[in-house]
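Heads up, structure06.txt below (compact mmCIF, C-alpha atoms and all ligand atoms):
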```
# COMPACT_ATOMS: atom_id res chain seq x y z
CA MET A 2 109.42 80.96 74.48
CA THR A 3 108.61 80.88 78.18
CA ILE A 4 108.96 84.10 80.18
CA LYS A 5 110.88 83.27 83.33
CA LEU A 6 110.37 85.12 86.60
CA GLY A 7 112.76 85.56 89.50
CA LEU A 8 110.97 86.41 92.74
CA LEU A 9 112.76 88.36 95.47
CA GLY A 10 110.86 87.39 98.61
CA PHE A 11 108.05 84.87 99.16
CA GLY A 12 105.83 86.62 101.69
CA THR A 13 102.10 87.34 101.62
CA VAL A 14 101.92 89.06 98.22
CA ALA A 15 104.48 86.90 96.40
CA SER A 16 102.72 83.72 97.43
CA GLY A 17 99.55 85.05 95.73
CA ILE A 18 101.29 85.08 92.31
CA PRO A 19 101.17 81.27 91.71
CA PHE A 20 97.42 81.34 92.47
CA LEU A 21 96.79 83.92 89.72
CA LEU A 22 99.11 82.23 87.21
CA GLN A 23 97.21 79.00 87.73
CA GLU A 24 93.60 80.19 88.11
CA ASN A 25 93.85 82.72 85.29
CA GLY A 26 96.56 80.97 83.29
CA GLU A 27 94.73 80.78 79.96
CA LYS A 28 93.82 84.46 79.88
CA ILE A 29 97.33 85.50 80.94
CA THR A 30 99.02 83.22 78.39
CA THR A 31 96.75 84.52 75.64
CA ALA A 32 97.54 88.14 76.56
CA VAL A 33 101.28 87.54 76.73
CA GLN A 34 101.31 85.03 73.86
CA ASN A 35 103.86 83.06 75.88
CA GLN A 36 103.99 80.82 78.92
CA ILE A 37 105.03 82.36 82.26
CA GLU A 38 107.03 80.38 84.78
CA ILE A 39 108.42 81.11 88.24
CA ALA A 40 112.05 80.04 87.71
CA LYS A 41 113.69 80.96 91.03
CA VAL A 42 112.66 82.44 94.37
CA LEU A 43 115.04 84.29 96.69
CA VAL A 44 114.51 83.62 100.39
CA LYS A 45 116.42 84.81 103.45
CA ASP A 46 118.16 81.62 104.53
CA ASP A 47 118.06 77.81 104.54
CA ASP A 48 115.57 77.80 107.43
CA GLU A 49 113.03 79.75 105.38
CA LYS A 50 113.75 77.58 102.33
CA ASN A 51 113.20 74.35 104.29
CA ARG A 52 110.05 75.71 105.92
CA LEU A 53 108.58 76.69 102.52
CA LEU A 54 109.53 73.35 100.94
CA ALA A 55 108.00 71.46 103.87
CA ALA A 56 104.80 73.49 103.40
CA GLY A 57 104.54 72.15 99.83
CA ASN A 58 105.97 75.10 97.86
CA ASP A 59 107.73 73.35 95.02
CA TYR A 60 110.03 76.11 93.73
CA HIS A 61 113.74 76.49 93.08
CA PHE A 62 114.59 78.47 96.22
CA VAL A 63 117.91 80.30 96.41
CA THR A 64 119.50 82.29 99.22
CA ASN A 65 121.93 84.36 97.12
CA VAL A 66 120.44 87.04 94.84
CA ASP A 67 123.29 86.55 92.34
CA ASP A 68 121.80 83.15 91.48
CA ILE A 69 118.89 85.12 89.99
CA ILE A 70 120.81 88.13 88.62
CA SER A 71 123.37 85.98 86.77
CA ASP A 72 120.74 83.60 85.38
CA THR A 73 120.43 84.75 81.78
CA ASP A 74 117.19 82.75 81.36
CA ILE A 75 115.37 85.00 83.84
CA ASP A 76 113.61 87.86 82.06
CA ILE A 77 111.68 89.61 84.85
CA VAL A 78 112.66 90.14 88.49
CA ILE A 79 109.78 90.77 90.93
CA GLU A 80 110.83 92.53 94.11
CA LEU A 81 108.39 92.06 97.00
CA MET A 82 110.73 92.42 99.96
CA GLY A 83 109.73 95.93 101.03
CA ARG A 84 111.87 98.57 102.78
CA ILE A 85 114.84 100.31 101.15
CA GLU A 86 117.74 97.89 101.56
CA PRO A 87 118.62 95.35 100.32
CA ALA A 88 115.75 95.86 97.84
CA LYS A 89 117.43 98.91 96.26
CA THR A 90 120.73 97.09 95.71
CA PHE A 91 118.98 94.02 94.29
CA ILE A 92 116.78 96.04 91.89
CA THR A 93 119.80 98.06 90.76
CA LYS A 94 121.73 94.84 90.05
CA ALA A 95 118.77 93.38 88.16
CA LEU A 96 118.32 96.48 85.99
CA GLU A 97 122.07 96.69 85.33
CA ALA A 98 121.95 93.05 84.21
CA GLY A 99 119.28 94.02 81.67
CA LYS A 100 116.34 92.40 83.47
CA HIS A 101 112.88 93.94 83.60
CA VAL A 102 111.74 94.70 87.14
CA VAL A 103 108.33 94.75 88.83
CA SER A 104 108.05 96.05 92.40
CA ALA A 105 105.38 96.95 94.95
CA ASN A 106 107.83 98.87 97.12
CA LYS A 107 106.34 102.35 97.65
CA ASP A 108 108.98 103.40 100.22
CA LEU A 109 111.76 102.66 97.73
CA ILE A 110 110.03 104.12 94.66
CA ALA A 111 109.05 107.32 96.50
CA SER A 112 112.60 107.73 97.86
CA HIS A 113 114.79 106.49 94.98
CA GLY A 114 112.39 106.06 92.05
CA LYS A 115 114.03 108.81 89.99
CA GLU A 116 117.42 107.08 89.80
CA LEU A 117 115.92 103.60 89.28
CA ILE A 118 113.66 104.87 86.47
CA ALA A 119 116.69 106.56 84.84
CA LEU A 120 118.72 103.35 85.14
CA ALA A 121 115.91 101.27 83.61
CA LYS A 122 115.63 103.77 80.75
CA SER A 123 119.37 103.69 80.07
CA LYS A 124 119.26 99.88 79.95
CA ASN A 125 116.10 99.89 77.78
CA VAL A 126 114.24 97.70 80.27
CA ALA A 127 110.90 98.05 82.06
CA PHE A 128 110.47 99.13 85.68
CA TYR A 129 106.77 98.88 86.67
CA TYR A 130 105.14 99.28 90.08
CA GLU A 131 101.34 99.39 89.80
CA ALA A 132 100.97 97.64 93.18
CA ALA A 133 102.94 100.35 95.03
CA VAL A 134 99.93 102.69 95.29
CA ALA A 135 96.62 101.47 96.70
CA GLY A 136 97.43 97.74 96.20
CA GLY A 137 94.65 96.27 94.10
CA ILE A 138 93.34 99.55 92.62
CA PRO A 139 94.76 100.00 89.10
CA ILE A 140 95.29 103.71 89.59
CA LEU A 141 98.78 104.31 88.16
CA ARG A 142 98.06 102.77 84.77
CA THR A 143 94.69 104.55 84.72
CA LEU A 144 96.39 107.92 85.27
CA ALA A 145 99.18 107.14 82.78
CA ASN A 146 96.96 105.73 80.02
CA SER A 147 93.26 106.43 80.39
CA LEU A 148 93.64 110.01 81.67
CA THR A 149 96.38 110.95 79.23
CA SER A 150 94.00 113.27 77.34
CA ASP A 151 92.73 114.89 80.54
CA LYS A 152 94.23 117.51 82.86
CA VAL A 153 94.18 116.45 86.50
CA THR A 154 93.65 119.35 88.89
CA ARG A 155 93.43 117.56 92.24
CA ILE A 156 93.82 114.02 93.57
CA LEU A 157 92.35 113.10 96.94
CA GLY A 158 92.93 109.67 98.38
CA VAL A 159 92.21 107.37 101.27
CA LEU A 160 95.61 105.78 100.78
CA ASN A 161 96.30 103.91 104.00
CA GLY A 162 94.12 100.97 104.93
CA THR A 163 95.38 100.71 108.50
CA SER A 164 94.50 104.25 109.51
CA ASN A 165 91.19 104.06 107.62
CA PHE A 166 90.31 100.86 109.48
CA MET A 167 91.21 102.53 112.78
CA LEU A 168 89.21 105.70 112.07
CA THR A 169 86.20 103.66 110.95
CA LYS A 170 86.22 101.74 114.24
CA MET A 171 86.76 104.94 116.25
CA VAL A 172 83.91 106.76 114.47
CA ASP A 173 81.34 103.98 114.01
CA GLU A 174 81.95 101.89 117.10
CA GLY A 175 83.58 104.32 119.55
CA TRP A 176 86.80 102.27 119.85
CA SER A 177 89.83 103.89 121.47
CA TYR A 178 92.86 104.68 119.29
CA GLU A 179 94.91 102.02 121.15
CA ASP A 180 92.32 99.23 120.64
CA ALA A 181 91.93 100.12 116.97
CA LEU A 182 95.72 100.00 116.39
CA ALA A 183 96.14 96.69 118.23
CA THR A 184 93.37 95.10 116.11
CA ALA A 185 94.81 96.51 112.85
CA GLN A 186 98.17 94.96 113.74
CA LYS A 187 96.56 91.64 114.66
CA LEU A 188 94.73 91.57 111.31
CA GLY A 189 98.03 92.17 109.45
CA TYR A 190 97.02 95.51 107.90
CA ALA A 191 99.77 97.60 109.49
CA GLU A 192 103.37 97.92 108.31
CA SER A 193 106.01 96.23 110.53
CA ASP A 194 106.48 99.65 112.12
CA PRO A 195 102.94 101.08 112.33
CA THR A 196 104.36 104.60 112.77
CA ASN A 197 104.41 104.87 108.96
CA ASP A 198 100.69 104.04 108.83
CA VAL A 199 99.38 106.22 111.67
CA GLU A 200 101.67 109.21 111.10
CA GLY A 201 100.73 109.54 107.43
CA ILE A 202 104.16 108.53 106.08
CA ASP A 203 102.90 105.48 104.14
CA ALA A 204 100.22 107.67 102.53
CA ALA A 205 102.84 110.37 101.83
CA TYR A 206 104.98 107.84 99.90
CA LYS A 207 101.93 107.06 97.78
CA ALA A 208 101.26 110.80 97.27
CA VAL A 209 104.83 111.19 95.93
CA ILE A 210 104.16 108.50 93.30
CA LEU A 211 100.70 109.87 92.44
CA SER A 212 102.28 113.31 91.85
CA GLN A 213 104.41 111.81 89.07
CA PHE A 214 101.52 110.03 87.37
CA GLY A 215 98.82 112.67 87.86
CA PHE A 216 100.86 115.83 87.42
CA GLY A 217 104.14 114.76 85.78
CA MET A 218 106.07 116.29 88.67
CA THR A 219 108.76 114.54 90.70
CA ILE A 220 108.63 115.47 94.36
CA GLY A 221 110.22 113.90 97.45
CA LEU A 222 108.80 112.73 100.76
CA GLU A 223 110.13 115.95 102.31
CA ASP A 224 107.82 117.92 99.98
CA VAL A 225 104.66 116.26 101.36
CA ALA A 226 103.46 117.90 104.57
CA HIS A 227 102.18 115.03 106.67
CA LYS A 228 100.20 114.76 109.87
CA GLY A 229 98.85 111.49 111.24
CA ILE A 230 95.76 110.35 113.08
CA SER A 231 97.23 110.08 116.59
CA THR A 232 96.12 113.60 117.55
CA ILE A 233 92.42 112.98 116.79
CA SER A 234 90.42 112.95 120.02
CA LYS A 235 87.04 111.37 120.72
CA ASP A 236 85.72 114.92 121.04
CA ASP A 237 86.89 115.75 117.48
CA VAL A 238 85.19 112.60 116.18
CA ALA A 239 81.92 113.49 117.91
CA LEU A 240 82.04 117.12 116.77
CA ALA A 241 82.69 116.07 113.18
CA GLN A 242 79.59 113.86 113.32
CA GLN A 243 77.52 116.68 114.79
CA LEU A 244 78.66 119.14 112.10
CA GLY A 245 77.96 116.72 109.20
CA TYR A 246 81.42 115.29 108.56
CA VAL A 247 83.50 112.14 109.02
CA ILE A 248 87.23 112.32 109.75
CA LYS A 249 89.46 110.54 107.21
CA LEU A 250 93.21 110.54 106.68
CA ILE A 251 93.35 112.12 103.22
CA GLY A 252 96.30 112.42 100.88
CA SER A 253 95.80 115.46 98.71
CA ILE A 254 97.77 116.66 95.70
CA GLU A 255 96.63 119.74 93.84
CA GLU A 256 97.96 122.05 91.19
CA THR A 257 97.54 125.73 92.08
CA PRO A 258 98.41 128.67 89.80
CA SER A 259 101.94 128.76 91.30
CA GLY A 260 102.61 124.99 91.41
CA LEU A 261 102.01 121.71 93.17
CA TYR A 262 101.00 121.22 96.79
CA ALA A 263 100.86 117.78 98.41
CA GLU A 264 99.89 116.87 101.94
CA VAL A 265 98.51 114.06 104.08
CA SER A 266 96.30 115.15 106.94
CA PRO A 267 93.26 114.15 108.97
CA THR A 268 90.44 115.84 107.09
CA PHE A 269 86.79 116.57 107.82
CA VAL A 270 85.02 115.02 104.82
CA PRO A 271 81.37 116.04 104.25
CA LYS A 272 79.14 112.98 104.77
CA THR A 273 77.80 113.49 101.23
CA HIS A 274 81.26 113.23 99.60
CA PRO A 275 82.02 109.81 97.99
CA LEU A 276 85.23 109.50 100.07
CA ALA A 277 83.15 109.60 103.28
CA SER A 278 81.80 106.13 102.52
CA VAL A 279 85.23 104.53 102.06
CA ASN A 280 85.40 102.48 105.23
CA ASP A 281 87.42 99.82 107.04
CA VAL A 282 90.61 98.76 105.26
CA MET A 283 89.45 99.93 101.81
CA ASN A 284 91.28 102.60 99.79
CA ALA A 285 89.99 105.08 97.20
CA VAL A 286 91.49 107.64 94.88
CA PHE A 287 89.24 110.55 93.90
CA VAL A 288 90.44 112.39 90.81
CA GLU A 289 89.27 115.86 89.78
CA SER A 290 90.07 116.76 86.19
CA ILE A 291 88.90 119.17 83.49
CA GLY A 292 87.65 116.48 81.12
CA ILE A 293 86.04 113.74 83.19
CA GLY A 294 85.22 116.05 86.06
CA GLN A 295 85.16 113.76 89.06
CA SER A 296 86.00 110.05 89.09
CA MET A 297 86.69 107.70 91.98
CA TYR A 298 88.68 104.47 91.96
CA TYR A 299 87.82 102.25 94.92
CA GLY A 300 89.14 98.91 96.14
CA PRO A 301 91.40 97.01 98.49
CA GLY A 302 94.65 98.86 99.17
CA ALA A 303 96.48 95.81 100.49
CA GLY A 304 96.15 92.05 100.84
CA GLN A 305 97.52 89.02 99.05
CA LYS A 306 95.35 88.54 95.99
CA PRO A 307 94.54 92.22 95.27
CA THR A 308 98.20 93.26 95.40
CA ALA A 309 99.38 90.17 93.49
CA THR A 310 96.80 91.01 90.79
CA SER A 311 98.49 94.38 90.21
CA VAL A 312 101.94 92.74 90.22
CA VAL A 313 100.92 90.13 87.65
CA ALA A 314 99.27 92.84 85.51
CA ASP A 315 102.72 94.48 85.28
CA VAL A 316 104.25 91.13 84.33
CA VAL A 317 101.62 90.64 81.61
CA ARG A 318 102.25 94.15 80.26
CA ILE A 319 106.01 93.49 80.08
CA GLY A 320 105.41 90.08 78.51
CA ARG A 321 103.20 91.64 75.86
CA ARG A 322 105.73 94.38 75.15
CA LEU A 323 108.51 91.79 74.89
CA LYS A 324 106.52 90.22 72.09
CA ASP A 325 106.10 93.63 70.42
CA GLY A 326 109.75 94.63 70.97
CA THR A 327 108.77 97.67 73.06
CA ALA A 328 109.55 96.45 76.58
CA GLY A 329 111.85 99.41 77.31
CA LYS A 330 108.94 101.89 77.26
CA VAL A 331 108.67 103.84 80.51
CA PHE A 332 105.73 103.20 82.85
CA ASN A 333 104.80 106.88 83.00
CA GLU A 334 105.64 109.17 80.11
CA PHE A 335 104.23 112.33 81.70
CA SER A 336 107.11 114.42 82.99
CA ARG A 337 107.53 118.19 83.25
CA GLU A 338 109.27 120.77 85.40
CA THR A 339 108.36 120.57 89.07
CA THR A 340 107.10 123.80 90.58
CA PHE A 341 105.89 124.15 94.15
CA ALA A 342 102.85 126.15 95.20
CA ASP A 343 103.05 129.42 97.03
CA LEU A 344 101.22 128.83 100.34
CA SER A 345 98.99 131.83 99.66
CA ASP A 346 97.58 129.87 96.69
CA VAL A 347 96.73 126.74 98.72
CA LYS A 348 93.20 127.18 100.00
CA SER A 349 90.82 125.17 102.14
CA SER A 350 88.32 125.47 104.96
CA TYR A 351 89.54 124.51 108.44
CA TYR A 352 88.15 123.21 111.72
CA PHE A 353 89.46 124.74 114.95
CA ALA A 354 88.71 123.48 118.47
CA ILE A 355 89.81 126.16 120.93
CA ASP A 356 89.42 126.27 124.70
CA THR A 357 88.79 129.72 126.15
CA PRO A 358 87.85 131.01 129.63
CA ASP A 359 84.05 130.79 130.04
CA THR A 360 83.58 134.53 130.64
CA ASN A 361 82.07 137.40 128.68
CA GLY A 362 83.91 138.80 125.66
CA GLN A 363 85.94 135.68 124.76
CA LEU A 364 84.12 134.99 121.49
CA LEU A 365 84.69 138.60 120.50
CA ARG A 366 88.48 138.31 121.19
CA LEU A 367 88.56 135.13 119.14
CA ALA A 368 86.61 136.70 116.27
CA GLU A 369 89.00 139.68 116.24
CA ILE A 370 92.02 137.40 115.82
CA PHE A 371 90.43 135.52 112.91
CA ASN A 372 89.19 138.77 111.38
CA SER A 373 92.73 140.20 111.48
CA GLU A 374 93.62 137.50 108.91
CA SER A 375 90.40 138.08 106.93
CA ILE A 376 89.16 134.61 107.88
CA SER A 377 85.42 134.22 107.80
CA PHE A 378 83.41 131.72 109.88
CA GLU A 379 81.03 129.22 108.29
CA GLN A 380 79.87 127.43 111.46
CA VAL A 381 80.49 128.20 115.15
CA LEU A 382 79.59 125.95 118.06
CA GLN A 383 80.30 126.24 121.76
CA HIS A 384 80.03 123.83 124.67
CA LYS A 385 81.38 123.57 128.19
CA ALA A 386 84.87 122.04 128.37
CA THR A 387 85.54 122.23 132.13
CA SER A 388 83.77 124.07 134.95
CA ASN A 389 85.47 127.35 134.00
CA SER A 390 86.37 126.90 130.33
CA ALA A 391 84.43 126.67 127.10
CA ARG A 392 85.32 124.84 123.89
CA VAL A 393 84.65 126.93 120.83
CA VAL A 394 84.49 125.00 117.58
CA ILE A 395 84.84 126.88 114.32
CA ILE A 396 84.53 125.78 110.71
CA THR A 397 85.92 128.53 108.51
CA HIS A 398 85.19 129.52 104.96
CA GLU A 399 88.02 128.89 102.51
CA MET A 400 91.31 130.45 103.65
CA SER A 401 94.94 130.15 102.59
CA LYS A 402 97.75 128.17 104.25
CA THR A 403 99.47 131.51 104.88
CA ALA A 404 96.42 132.73 106.81
CA LEU A 405 96.36 129.40 108.68
CA GLU A 406 99.99 129.79 109.75
CA ASN A 407 99.43 133.41 110.80
CA VAL A 408 96.25 132.80 112.79
CA THR A 409 97.80 129.76 114.50
CA GLU A 410 100.76 131.92 115.62
CA LYS A 411 98.44 134.66 116.88
CA LEU A 412 96.29 132.16 118.82
CA LYS A 413 99.42 130.65 120.41
CA LYS A 414 100.37 134.05 121.80
CA VAL A 415 97.10 134.37 123.75
CA SER A 416 97.96 132.64 127.03
CA ASP A 417 94.39 131.83 128.11
CA PHE A 418 93.40 130.32 124.73
CA THR A 419 94.38 126.69 123.99
CA VAL A 420 94.08 125.38 120.44
CA ARG A 421 93.10 121.71 120.92
CA ASN A 422 93.16 120.77 117.27
CA THR A 423 93.10 122.18 113.75
CA PHE A 424 92.05 120.01 110.81
CA LYS A 425 91.47 120.58 107.14
CA VAL A 426 87.83 120.56 105.97
CA LEU A 427 87.21 119.24 102.46
CA SER A 428 85.22 121.51 100.19
N1 LIG A 501 100.13 99.25 105.60
C1 LIG A 501 99.58 99.63 104.34
C2 LIG A 501 98.13 100.07 104.57
C3 LIG A 501 99.63 98.47 103.38
O1 LIG A 501 97.63 99.92 105.68
O2 LIG A 501 97.52 100.62 103.67
C4 LIG A 501 99.50 98.87 101.94
O3 LIG A 501 100.42 99.84 101.55
```

Structure encoded using C-alpha cells:
Amino acid sequence: MTIKLGLLGFGTVASGIPFLLQENGEKITTAVQNQIEIAKVLVKDDDEKNRLLAAGNDYHFVTNVDDIISDTDIDIVIELMGRIEPAKTFITKALEAGKHVVSANKDLIASHGKELIALAKSKNVAFYYEAAVAGGIPILRTLANSLTSDKVTRILGVLNGTSNFMLTKMVDEGWSYEDALATAQKLGYAESDPTNDVEGIDAAYKAVILSQFGFGMTIGLEDVAHKGISTISKDDVALAQQLGYVIKLIGSIEETPSGLYAEVSPTFVPKTHPLASVNDVMNAVFVESIGIGQSMYYGPGAGQKPTATSVVADVVRIGRRLKDGTAGKVFNEFSRETTFADLSDVKSSYYFAIDTPDTNGQLLRLAEIFNSESISFEQVLQHKATSNSARVVIITHEMSKTALENVTEKLKKVSDFTVRNTFKVLS
C-alpha cells in the first residue's frame, strides 16, 4: 500500500516536504512500512498552478478542495495555508470525510482546536500539529510522550522568532525598533500582519497549545494576558544590561495552588539563565517539572525545512499507526478540568521605571507607596531623566499580580510621578 497525501497549500513549508521525502525516503519508508506519495496539491487558482508547473513542480495541482476531499485514495490531508478560513472549513471537511489531518496552523488550533479534536475523535482519525508550536522543535510530542510520567510546574518559552530577532538586534547592536521590524519582514520571519508577532499574539496562540500538552488544560487566547515588545525603550534595554538582565518576549504558563496562569510579556531574564542565550530567530521552550527538574528544548521556530520536518514526523506517526490499526489515537491524551489561578497566587519580581521630580523626599514617597502593598525592593537605581526630573528604577522582590495591580493604580494617582514601564523579572 502507498499512503497518499493531499496538500492544502504549496508555500514555503509545504514545498519542503518533497525534499524530506526524497532525501530521507529510506528511513521514512522503513518507519512507516509503506511508501508515501504526494497525490494532489491544492493551490489558489490556475495562475498559481501554471507558475508552479513552469517552475518544475511536477504535481497534480487542483484548485477545488473537493477534488482532494472526495478522493478516497487520499489518506492524509496536510493543511499549510495558515489563518482561520478557509483552513477551518477544509480541515472540517477532511475530518468528516474520514481523512487524517496534519496542520501547522497555530492560530486555528488555538482558536478552534477543541472542536476539531472532538470531530477527529468522533471519526476515529488523527489530527496532529507538532509544527504549530516552535516550528522545528519537537516540543508537543516530547510533552505528550516523554514527560508523561512527570508533573510540569512551569513552561517558559521564547516562542516568537520575529520578536526575538528584533530584540537581539536592539540589545546587541543598538538597532531601532523600526529598523529591526523592517529587516525581520524582509527576511521573511514575520507573519503577513506583523502585529501578531510584535504584540505577543503569535506567542499567545502557542501558549494556548502548550497549556493543553503541559498541563492538560484547555484555555483560550482570551485567557492569556499578552503584552508585546513595542513599548520597550532603548533606556529599558540599557538598564536591563546594567542590572544584569536581557529583555526577551517570554511566554509563561504556570500552575499555582489555585490554577493555571498564562501570559506573554517582555521579561527581564537574568544573563545566567539558559533562555538569555536564545538569540536571533531561534526559539526555546524551558520546562520546569518535579521529575526532570529543568530541561530546555532549543531550535528553529520557523523556516522551510525545520517546520516541514515536524509536519513529516506527524505523517510518519500516522502512517505507522495506520499499519498498527491505531491511527485514531489522540495526539495528546492529557486532559483534566481547567482551573484558573487567583491573581494573589501568581508571583514574580518586577522592574519599574518611574520618573519623579528631582527634589528631596521623592524616593521616600515612592517607598511609602510600595510599602503600602508590602512590596520589597531588591535593587534601586536613579539617574537624571531631564533637567528637573529623575528616573528611579526599581527591581522588586517577588510580589503578587494583585499587589502589582494595586501599586500601579496608586502610582497612577500621583500626578507628578510617571510610570515609564513595568516589566516582569524572571526568578
Ligand atoms: N512569525 C512566526 C515567528 C513564525 O516569528 O516565530 C513561526 O510561528

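With a cut-off of 8 Å and using only C-alpha atoms and all ligand atoms, the polymer residues contacting ligand LIG 501 (chain A) are Lys107, Ala133, Val134, Ala135, Gly136, Leu160, Asn161, Gly162, Thr163, Ser164, Asn165, Tyr190, Ala191, Glu192, Pro195, Asn197, Asp198, Asp203, Ala204, Val282, Asn284, Gly302, Ala303 and Gly304 of chain A.
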
Write out as CSV the residues of segment 168-225 of chain A that have any atom within 9 Å of an atom of segment 339-345 of chain A, one row each with the nearest atom pair and its distance in Å to one decimal, counting only C-alpha atoms, sorted by chain and then rising number.
```
residue,atom,partner,partner_atom,distance
A:Gly217,CA,A:Thr339,CA,7.9
A:Met218,CA,A:Thr339,CA,4.9
A:Thr219,CA,A:Thr339,CA,6.3
A:Ile220,CA,A:Thr339,CA,7.4
A:Asp224,CA,A:Phe341,CA,8.7
```

Compile the contact shell of Gly158 of chain A as an NGL selection string: residues with an atom at most 8 Å away, counting all atoms listed in the file, same-chain residues fewer than 3 positions apart removed.
:A and (251-253 or 276 or 284-287)

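Distance check against Ile210 of chain A using only C-alpha atoms: of A:Val331, A:Ile39, A:Val225, A:Ala88, the minimum falls on A:Val225.
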
7 Å contact set for Lys89 of chain A, all atoms listed in the file, chain neighbours under 4 positions out, as a list in words | Ile85, Thr93 and Leu109 of chain A

Go ahead and save the residues from that selection, with C-alpha atoms, as an mmCIF file, keeping the file's coordinate frame.
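Below is the file that was written, result_26.cif:
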```
data_model
loop_
_atom_site.group_PDB
_atom_site.id
_atom_site.type_symbol
_atom_site.label_atom_id
_atom_site.label_comp_id
_atom_site.auth_asym_id
_atom_site.auth_seq_id
_atom_site.Cartn_x
_atom_site.Cartn_y
_atom_site.Cartn_z
ATOM 1 C CA ILE A 85 114.840 100.310 101.150
ATOM 2 C CA THR A 93 119.800 98.060 90.760
ATOM 3 C CA LEU A 109 111.760 102.660 97.730
#
```

Select from segment 186-291 of chain A every residue with an atom at most 12 Å from any atom of segment 375-380 of chain A, then for each give the shortest pair of atoms and their distance in Å to one decimal, using only C-alpha atoms, rows by chain and rising number, as CSV.
```
residue,atom,partner,partner_atom,distance
A:Leu240,CA,A:Gln380,CA,11.8
A:Ala241,CA,A:Gln380,CA,11.8
A:Gln243,CA,A:Gln380,CA,11.5
A:Leu244,CA,A:Gln380,CA,8.4
A:Gly245,CA,A:Gln380,CA,11.1
```

Using only C-alpha atoms, the best pick from A:Ser373, A:Ser428, A:Asn389, A:Thr327 as closest to Thr409 of chain A would be A:Ser373

Would you kindly return, as an mmCIF file with C-alpha atoms, in the frame of the given file, each protein, DNA or RNA residue with an atom no farther than 9 Å from any atom of His384 of chain A, considering only C-alpha atoms and excluding same-chain residues fewer than 2 positions away?
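Output saved as result-v3.cif:
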```
data_model
loop_
_atom_site.group_PDB
_atom_site.id
_atom_site.type_symbol
_atom_site.label_atom_id
_atom_site.label_comp_id
_atom_site.auth_asym_id
_atom_site.auth_seq_id
_atom_site.Cartn_x
_atom_site.Cartn_y
_atom_site.Cartn_z
ATOM 1 C CA LEU A 382 79.590 125.950 118.060
ATOM 2 C CA ALA A 386 84.870 122.040 128.370
ATOM 3 C CA ALA A 391 84.430 126.670 127.100
ATOM 4 C CA ARG A 392 85.320 124.840 123.890
ATOM 5 C CA VAL A 393 84.650 126.930 120.830
ATOM 6 C CA VAL A 394 84.490 125.000 117.580
#
```
